[in-house]
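A quick write-up on the structure given underneath.
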Amino acid sequence: MDLSAGHVWVMVSAALVLLMTPGLAFFYGGMTRAKAALNMMMMSFVSIGLVGVVWVLWGYSMTGGDGFAGLFGNPFTSFGLGGLLGSEDLISAGFGATFAIITVALISGAIADRARFSAWAVFVPIWVTLVYCPLAFMVWGGGLLSAEGAVGSVVGEAIDFAGGTVVHINAGVAALVLALIIGKRKGFGKDPSQRPHNIPFVMLGATLLWFGWFGFNGGAAGSAEEGGLIWVNTLAAPAAAMVGWLVTERIRDGRPTSLGAASGIVAGLVAITPACANVSPLGAVGLGIIAGVLSALAVGLKYRLGYDDSLDVVGVHLVAGIVGTLALGFIALPADGEAGGLFYGGGFALLGAQLVAAVIAILFSAVMTLIIGLAVHRTIGFRVSEDEEISGVDLSEHAETAYEFGGLGTGGSFRPVAAATAAKETVNS
C-alpha cells in the first residue's frame with residue numbers, strides 16, 4: 001500500500017510524542033534537587049526502553065482485538081507484532097507505544113529524590129501491562145467503556161480523544177498511590193534544598209512538551225478540519241492556563257513565577273487532551289483558564305493533606321485531567337448527529353458518561369497501582385536509605401552527578417557512602 005499523507009502525519013506525530021518523554025525528563029529533572037537530577041531524567045529514559053519492549057511483545061495486543069470481559073485484549077494476538085508485518089497497522093502500533101511510554105513516565109515525578117531505580121525498572125513494565133494497557137482497551141479498544149462495552153452501552157460512550165482518562169487521570173492516581181506507599185522525603189515542606197534547582201531546564205522541558213503535544217493531540221485527526229481545530233485548541237488552552245496560573249500566583253503570593261508559567265502550560269495541555277477535537281477555540285480558552293487556576297490551587301494541597309507528591313503530578317495531571325474530562329459534559333460541541341454538552345442543549349447524558357469514565361479510571365488505577373506498588377515495595381524495596389537520600393540518589397543509584405562541584409563528581413577517590421555519612425552528620429549537627 002502506498003504511503004499516504006495520513007500515514008506520514010501519524011508517523012510524524014508519533015515522533016513528536018516520543019520527544020515528549022525526553023522533554024518530561026528536562027521538566028522533571030529541573031524541578032528536583034541538583035543531586036537527584038540525573039536519576040529523575042533516567043526514570044523517564046528507562047521508561048522508553050522498557051515500555052518499548054513490552055509494547056512490541058504483548059502491550060499493543062492487549063489494547064485491541066478480542067478482549068476478556070471487556071477489560072483487556074489477548075496479549076498473544078499480535079505477540080511480537082509479527083502478524084502486522086506488511087500492514088499499515090504497524091504505524092498505529094508505533095503511535096500507541098509513545099502514549100504508553102509518556103503515561104508511565106509521568107508517574108515518576110511523584111517519587112523524586114527517594115526511589116530506587118531498580119524498583120522503578122521493575123514497576124514500569126508491570127504497571128504498563130496491568131494498568132495502562134487494560135484501561136486503554138476499555139476506553140479506546142472496544143472494551144468496557146466503549147460504545148459496545150458493558151458500561152458504555154448503558155451510560156453512553158465517554159469522550160477521550162487523546163487521553164484524559166487513559167493517560168492523565170490514570171497517571172495522576174498512580175502517582176498519588178506511589179507517593180503514599182513510599183512516604184515523604186526527609187525534611188518535606190521544611191528543607192529549602194528541595195525546591196527546583198534549574199528553572200531553565202523546567203521551561204525547556206515545558207516547551208518540548210508543548211511542541212510534542214501537537215502530535216499527541218493531533219495524530220489521530222481524521223480530517224483537515226478536525227486537525228485544524230485540534231491544533232488551535234492545543235495552542236489556546238495551555239496559553240490560557242499559563243495566564244490563569246500566573247494571575248493566581250500574583251493574587252495569592254504577590255509574584256508570578258517562571259515555574260508557575262511552565263506548570264500552567266502543562267496543566268492546560270492536560271486539560272485539553274480529552275477535549276481537543278470536541279470543543280470550540282473559545283471553549284478551549286475557558287477550559288485552560290479554569291485548569292490553570294484550579295491546578296495552581298491544587299498543588300498546595302499536599303502540604304495540607306500531608307502527602308509528598310514531589311513534582312506535583314497529582315495537582316497538575318490528576319486535577320487538570322479530571323477538569324478536562326468533566327468539562328466535556330458542559331462544552332462539547334454537537335457533532336455527527338450526537339447531542340453536545342449541557343451548554344449546547346445536550347442534557348446531562350454526556351456529563352454522566354464522562355463522570356462514570358473518570359470514576360472507573362480512578363478506582364481501577366488506584367487499586368491496581370496499590371497492589372503493584374506494595375508488592376514491589378515489600379519485596380525489593382522502593383525507597384533508598386536515609387543516607388542515600390541525603391547524599392543524593394544520583395550517586396547512590398548511578399554513581400554519577402549532573403554537575404561537578406569542587407571535584408565531588410564520580411572521579412578520584414570520592415565515595416558516595418562516605419559523602420552520605422558526612423552529609424548526615426552535618427544535618428544532625
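Chain labels follow the order of the C-alpha cells: the first chain is A, the next B, and so on; residue numbering restarts at 1 in every chain, and ligands are counted from 1 in their shown order.
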>> Quick one: residues within 8 Å of Cys133 (chain A), only C-alpha atoms, excluding same-chain residues fewer than 2 positions away - as a list in words?
In response: Gly59, Tyr60, Met62, Thr63, Phe72, Ala100, Val128, Thr129, Leu130, Val131, Leu135, Ala136 and Phe137 of chain A
Convert the current residue selection to file output with N, CA and C atoms, as a PDB file, in the first residue's frame.
```
ATOM      1  N   GLY A  59       2.199  -5.656  24.743  1.00  0.00           N
ATOM      2  CA  GLY A  59       1.418  -4.491  25.135  1.00  0.00           C
ATOM      3  C   GLY A  59       0.414  -4.054  24.088  1.00  0.00           C
ATOM      4  N   TYR A  60       0.858  -3.934  22.842  1.00  0.00           N
ATOM      5  CA  TYR A  60      -0.058  -3.499  21.781  1.00  0.00           C
ATOM      6  C   TYR A  60      -1.230  -4.463  21.643  1.00  0.00           C
ATOM      7  N   MET A  62      -2.679  -6.130  23.846  1.00  0.00           N
ATOM      8  CA  MET A  62      -3.630  -6.011  24.955  1.00  0.00           C
ATOM      9  C   MET A  62      -4.560  -4.813  24.837  1.00  0.00           C
ATOM     10  N   THR A  63      -4.294  -3.934  23.889  1.00  0.00           N
ATOM     11  CA  THR A  63      -5.106  -2.714  23.785  1.00  0.00           C
ATOM     12  C   THR A  63      -6.174  -2.781  22.699  1.00  0.00           C
ATOM     13  N   PHE A  72      -9.303  -6.336  28.857  1.00  0.00           N
ATOM     14  CA  PHE A  72      -8.034  -6.233  28.132  1.00  0.00           C
ATOM     15  C   PHE A  72      -8.062  -7.191  26.946  1.00  0.00           C
ATOM     16  N   ALA A 100       1.876   5.069  25.749  1.00  0.00           N
ATOM     17  CA  ALA A 100       2.153   4.233  26.909  1.00  0.00           C
ATOM     18  C   ALA A 100       3.423   4.689  27.614  1.00  0.00           C
ATOM     19  N   VAL A 128       2.524  -0.947  33.194  1.00  0.00           N
ATOM     20  CA  VAL A 128       2.040  -0.776  31.818  1.00  0.00           C
ATOM     21  C   VAL A 128       1.187  -1.972  31.405  1.00  0.00           C
ATOM     22  N   THR A 129       1.618  -3.169  31.789  1.00  0.00           N
ATOM     23  CA  THR A 129       0.896  -4.386  31.417  1.00  0.00           C
ATOM     24  C   THR A 129      -0.454  -4.498  32.118  1.00  0.00           C
ATOM     25  N   LEU A 130      -0.472  -4.212  33.410  1.00  0.00           N
ATOM     26  CA  LEU A 130      -1.671  -4.479  34.204  1.00  0.00           C
ATOM     27  C   LEU A 130      -2.580  -3.268  34.400  1.00  0.00           C
ATOM     28  N   VAL A 131      -2.092  -2.078  34.103  1.00  0.00           N
ATOM     29  CA  VAL A 131      -2.909  -0.884  34.320  1.00  0.00           C
ATOM     30  C   VAL A 131      -3.127  -0.104  33.028  1.00  0.00           C
ATOM     31  N   LEU A 135      -6.684  -0.251  30.647  1.00  0.00           N
ATOM     32  CA  LEU A 135      -7.506   0.953  30.594  1.00  0.00           C
ATOM     33  C   LEU A 135      -7.585   1.492  29.169  1.00  0.00           C
ATOM     34  N   ALA A 136      -6.495   1.405  28.416  1.00  0.00           N
ATOM     35  CA  ALA A 136      -6.527   1.813  27.013  1.00  0.00           C
ATOM     36  C   ALA A 136      -7.515   0.951  26.234  1.00  0.00           C
ATOM     37  N   PHE A 137      -7.555  -0.333  26.543  1.00  0.00           N
ATOM     38  CA  PHE A 137      -8.511  -1.226  25.874  1.00  0.00           C
ATOM     39  C   PHE A 137      -9.948  -0.867  26.253  1.00  0.00           C
TER      40      PHE A 137
END
```
> Quick one: residues within 12 Å of Leu180 (chain A), only C-alpha atoms counted, chain neighbours fewer than 6 positions away excluded, as a PyMOL selection string?
Replying inline: chain A and resi 110-111+173-174+302+305-310+314+366+369-370+373-374+377+382-383
> What residues in region 20-56 of chain A get the DSSP label alpha helix (DSSP H)? Please answer as a ChimeraX atom specification.
Replying inline: /A:20-31,37-54
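Proximity to Ile126 (chain A) at 12 Å, evaluated using only C-alpha atoms and with sequence-adjacent residues fewer than 5 positions away removed, yields Ser47, Leu50, Val51, Val54, Trp55, Trp58, Gly59, Val104, Ala119, Trp120, Ala121, Val131, Tyr132, Cys133, Pro134, Met368, Thr369, Ile371, Ile372, Gly373, Ala375 and Val376 of chain A.
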>> Need the shell around region 5-17 of chain A: protein/DNA/RNA residues with any atom at most 7 Å away, counting only C-alpha atoms. Skip same-chain ones fewer than 5 positions apart. Format as JSON, numbers by chain?
In response: {"A": [91, 94, 95, 98, 212, 213, 215, 216, 219]}
> Out of A:Ala115, A:Ile159, A:Ala237, A:Val247, which residue has the shortest atom-to-atom distance to Ala36 (chain A) when counting only C-alpha atoms?
Replying inline: A:Ala115
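Among the candidates A:Ala335, A:Val285, A:Ala112, A:Leu71, the residue lying nearest to Glu389 (chain A) is A:Ala112 (atoms considered: only C-alpha atoms).
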Once you count only C-alpha atoms, what closest atom pair and distance in Å to one decimal does each residue of region 135-159 of chain A within 10 Å of region 354-361 of chain A have, with rows by chain and rising residue number, as JSON lines?
```
{"residue": "A:Leu135", "atom": "CA", "partner": "A:Ala361", "partner_atom": "CA", "distance": 7.2}
{"residue": "A:Met138", "atom": "CA", "partner": "A:Ala361", "partner_atom": "CA", "distance": 9.5}
{"residue": "A:Val139", "atom": "CA", "partner": "A:Ala357", "partner_atom": "CA", "distance": 8.4}
{"residue": "A:Leu144", "atom": "CA", "partner": "A:Ala357", "partner_atom": "CA", "distance": 9.7}
{"residue": "A:Leu145", "atom": "CA", "partner": "A:Ala357", "partner_atom": "CA", "distance": 6.8}
{"residue": "A:Ser146", "atom": "CA", "partner": "A:Ala357", "partner_atom": "CA", "distance": 9.8}
{"residue": "A:Val151", "atom": "CA", "partner": "A:Val356", "partner_atom": "CA", "distance": 8.6}
{"residue": "A:Gly152", "atom": "CA", "partner": "A:Ala357", "partner_atom": "CA", "distance": 8.7}
{"residue": "A:Val155", "atom": "CA", "partner": "A:Val356", "partner_atom": "CA", "distance": 7.8}
{"residue": "A:Gly156", "atom": "CA", "partner": "A:Gln354", "partner_atom": "CA", "distance": 8.8}
{"residue": "A:Glu157", "atom": "CA", "partner": "A:Gln354", "partner_atom": "CA", "distance": 8.1}
{"residue": "A:Ala158", "atom": "CA", "partner": "A:Gln354", "partner_atom": "CA", "distance": 5.0}
{"residue": "A:Ile159", "atom": "CA", "partner": "A:Gln354", "partner_atom": "CA", "distance": 6.9}
```
